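J.: I'd like to ask some things about the structure below.
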Amino acid sequence: MYHDGAIMRLLRERIEEELTNILGKKYGIRVDFFLEESKDESFGDYTTNLPFKLAKELKKDPSEIGEEIASDLREFTALENISIKKGFLNFRVSLRSLNEILGEILASPEDFGKSNLGKGTKVNLEFVSANPTGPLVIVNARAAAVGDSLKKIMNFCGFFVESEFYVNDAGTQIEKLRRSVEARIMELQGLKSDFPEDGYQGEYVYDIAKKIIEDNFNGDPGQFAVDYIHQWQKSTLERYRVKFDNFVFESWIRKSEYPEKTKKTLESHGLLYKEENGALLFKSTVFGDDKDRVLIRSNGEPTYFFFDLAYHLYKMDRKYNVLVDIWGPDHHGYIPRMKAGLEALGFDTENFKVLVAQQVNLIRDHEKVKMSKRKGEIYSMDDLIEEVGSDAARFFFLTRTVNSHLDFDLALAKTIGVQNPVYYIQYSHARIASLLDFAKEKGYSPEGGKGSLLTEPEERSLMRKIMLFPDTLQSVSRTLEPHLLARYLLELAELYHSYYQKVRIVTEDKERSNARLLLSFGVKSVVKNGLNLLGVQAPERM
RNA sequence: GCCCCCGUAGCUCAGAAGGAUAGAGCGGCGGUUUCCUAAACCGCAGGCCAGAGGUUCGAAUCCUCUCGGGGGCACCA
């Protein structure tokens, strides 16, 4: 993914390096500090807390240290307006540097935002991983939006990410599905059937049964049902524009060498023991879990956890540097045991991250949509795509931190207008597309634009915001929180709409118009790249 | 009972490696269009960051406790 030509080193990275150099030369020490977007644009573009950090080490006044650093930093021509306020070192990026960024975008719009933060780190990103026993549901849609977007963003930042869906196509739930289908087949054929107590009630079980009868299928109805549902889930994801790199089947894991390998490894570390009733347990408490976990039940049946652990060993075997799992809200109690397992198998759990995609409440008419899984009354991911569309659905999931509960207002997601952030952002893109067409007819174009003519304060704010796009993507990669990008785009669109209203872009002054078109083109490119990274389309016309 | 997440404007949520006057959207109220897309813009109102202690130059942010909401505590997955 990394091409030297296409990826400029970020300005922020260059400033960081400059600060580190000064630190070494002047004080001969290293300290951790941050360099971040200034809280308030009036302070500058970037801020560092370096003086505070040094003050502690050197037992000196932060302002004094700030001055010392500032005097060296003034040599660095990309910066200007270096100032110290209350111990913070602030500076602005020179207009010239901002202009250069617009030039970069013009040269290669689709590459803007790329960086090499990941340095090729190999990441396995597992998400959705639903049982093939029914339709995908809302929380799957949330995980899919987050996972797919993270993958795209991290790849943009120089990671090598593979997305993976673990299919639990074996075990007791599948057995239950098989019995449910069999019962429905009997029922449809007018035979006496006894539907399992806790069977799958959904209408789709009838569909599967019908299909089996129609096709004269003689094999295992359980396997037929699994294949059917797996294809169904895949087509749902496709409509949502999510495509997985890998599907790993539990049935395959069961037959592979990994269960045995897992057992042997744990055994060799003395981490297994048998209870009197014959159950085999893993001493996960050694690694901080609440209790030891059963790998093989007293009846000889292995647990889900055992195969899941074996599956994670398979991931380790494929030499990923980092493993990221996105789980549903009902799995968070599962984290300590998986962590313990990975540690026991020799994986550095610093590089194992679990995101819990929290519960989603659907809101219709200011009330929660009630669902009953037992009665088969569920609002599925298909229903959501049908009702609000993939763009709005994906964007809404990405405006919140992964970790917090989310109220999804169906009416708002369908609204066309300011109220709905998706359309608001898309509109900025369409607006600029149309503007560029209009300008073209007059013989104007961004190619002829000189950034130096962008002297309005709003123009500087926009350039500054554009500059912060790659930084935002890096933040997402670091924190695994794609909502940072959604919010960034909202702010960018807001700045542009406001600018557009205030300042006429295409005027009789061709030079100035071209400069403004250059800036507009920059905004358009960032919006487009940003939306694409969120899996949302950027329309040319609305 | 134990564990996890959460409690910030009327509503939905940002802000959490401690830092500069606490932000946004929606909703509410009031304005803007002979002019490049009004699917837009501008203005106003709205807060004891659940509460109480503590840590220090400084706390929405860290620690302890209390209250309130959600979820998890299987030889289910």
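Chain labels follow the order of the structure tokens: the first chain is A, the next B, and so on; residue numbering restarts at 1 in every chain, and ligands are counted from 1 in their shown order.
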Any idea what's packed within 10 Å of range 393-398 of chain A, counting only C-alpha atoms (C1' of nucleotides), ignoring anything in its chain fewer than 4 positions away? Could you give it as a PyMOL selection string?
T.: chain A and resi 138-139+141-146+148-149+240-241+357+360+381+384-385+387-389+402+406-410+412-414+420-422+481-487+531+534-536
J.: Specify as an NGL selection string all residues of chain A found within 8 Å of chain B, counting only C-alpha atoms (C1' of nucleotides).
T.: :A and (85-86 or 173 or 279 or 294 or 296-298 or 303-304 or 329-333 or 400 or 403-405 or 407 or 416-419 or 421 or 423-424 or 427 or 431 or 434-435 or 438-439 or 497-498 or 501-502 or 504-506 or 542)
J.: Using only C-alpha atoms, which of the listed residues (A:Lys450, A:Lys263, A:Lys528, A:Lys274) sits closest to Glu100 in chain A?
T.: A:Lys450
J.: Considering only C-alpha atoms (C1' of nucleotides), return as a PyMOL selection string whatever protein or nucleic-acid residues lie within 10 Å of Val181 in chain A, sequence-local ones (same chain, fewer than 6 positions apart) excluded.
T.: chain A and resi 175+187+195-196+199-201+204-210+212+221-222+224-225
J.: For the selection you just gave me, I'd like the residues written to a file as a PDB file, in the first residue's frame, keeping C-alpha atoms.
T.:
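This is the output file part-v9.pdb:
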```
ATOM      1  CA  GLU A 175     -28.165 -28.862  15.886  1.00  0.00           C
ATOM      2  CA  GLU A 187     -45.232 -30.006   9.103  1.00  0.00           C
ATOM      3  CA  PHE A 195     -41.077 -28.500  16.945  1.00  0.00           C
ATOM      4  CA  PRO A 196     -38.221 -28.192  19.430  1.00  0.00           C
ATOM      5  CA  GLY A 199     -36.219 -24.000  18.224  1.00  0.00           C
ATOM      6  CA  TYR A 200     -35.858 -21.202  15.676  1.00  0.00           C
ATOM      7  CA  GLN A 201     -39.285 -19.687  15.170  1.00  0.00           C
ATOM      8  CA  TYR A 204     -37.314 -18.225   7.129  1.00  0.00           C
ATOM      9  CA  VAL A 205     -37.196 -21.720   8.588  1.00  0.00           C
ATOM     10  CA  TYR A 206     -40.324 -22.472   6.574  1.00  0.00           C
ATOM     11  CA  ASP A 207     -38.638 -21.028   3.476  1.00  0.00           C
ATOM     12  CA  ILE A 208     -35.706 -23.330   3.968  1.00  0.00           C
ATOM     13  CA  ALA A 209     -37.964 -26.313   4.518  1.00  0.00           C
ATOM     14  CA  LYS A 210     -39.902 -25.491   1.346  1.00  0.00           C
ATOM     15  CA  ILE A 212     -35.511 -28.580   0.618  1.00  0.00           C
ATOM     16  CA  PRO A 221     -30.999 -30.473   6.313  1.00  0.00           C
ATOM     17  CA  GLY A 222     -28.834 -28.791   8.930  1.00  0.00           C
ATOM     18  CA  PHE A 224     -28.519 -27.115   3.827  1.00  0.00           C
ATOM     19  CA  ALA A 225     -29.894 -24.537   6.242  1.00  0.00           C
TER      20      ALA A 225
END
```
J.: Excluding Glu110 in chain A and residues on its chain fewer than 6 positions from it, collect all residues at most 10 Å away from it, counting only C-alpha atoms (C1' of nucleotides), and give them as a list in words.
T.: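 Surrounding residues, per the criterion: Ala6, Ser525, Val526, Lys528 and Asn529 of chain A.
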J.: What does the distance between CA of Gly449 in chain A and CA of Ile15 in chain A come to in Å, to one decimal place?
T.: 27.3 Å
J.: DSSP on the backbone, strand (DSSP E) only: what residues of range 379-534 of chain A does that give? Format it as a ChimeraX atom specification.
T.: /A:406-409
J.: Which polymer residues have any atom within 12 Å of an atom of range 56-65 of chain B, counting only C-alpha atoms (C1' of nucleotides), with same-chain residues fewer than 4 positions away left out, as an MDAnalysis selection string?
T.: (chainID A and resid 52 61:62 86) or (chainID B and resid 7:8 15:20 22 47 49:52)
J.: Using DSSP on the backbone coordinates, identify the residues of range 88-212 of chain A assigned to alpha helix (DSSP H); present them as a VMD selection string.
T.: chain A and resid 95 to 107 138 to 156 172 to 188 203 to 212
J.: Compile the contact shell of Lys39 in chain A as a ChimeraX atom specification: residues with an atom at most 12 Å away, counting only C-alpha atoms (C1' of nucleotides), same-chain residues fewer than 2 positions apart removed.
T.: /A:35-37,41-48,88,90 /B:15,19-23
J.: Please report the interatomic distance between CA of Thr479 in chain A and CA of Asn116 in chain A in Å with one decimal.
T.: 16.0 Å
J.: Could you check which of A:Gln231, A:Ser513, A:Asn246, A:Asn140 is closest to Pro446 in chain A, using only C-alpha atoms?
T.: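 With only C-alpha atoms as the atom set, the closest residue is A:Ser513.
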J.: CA of Arg74 in chain A and CA of Phe91 in chain A are how many Å apart?
T.: 9.9 Å
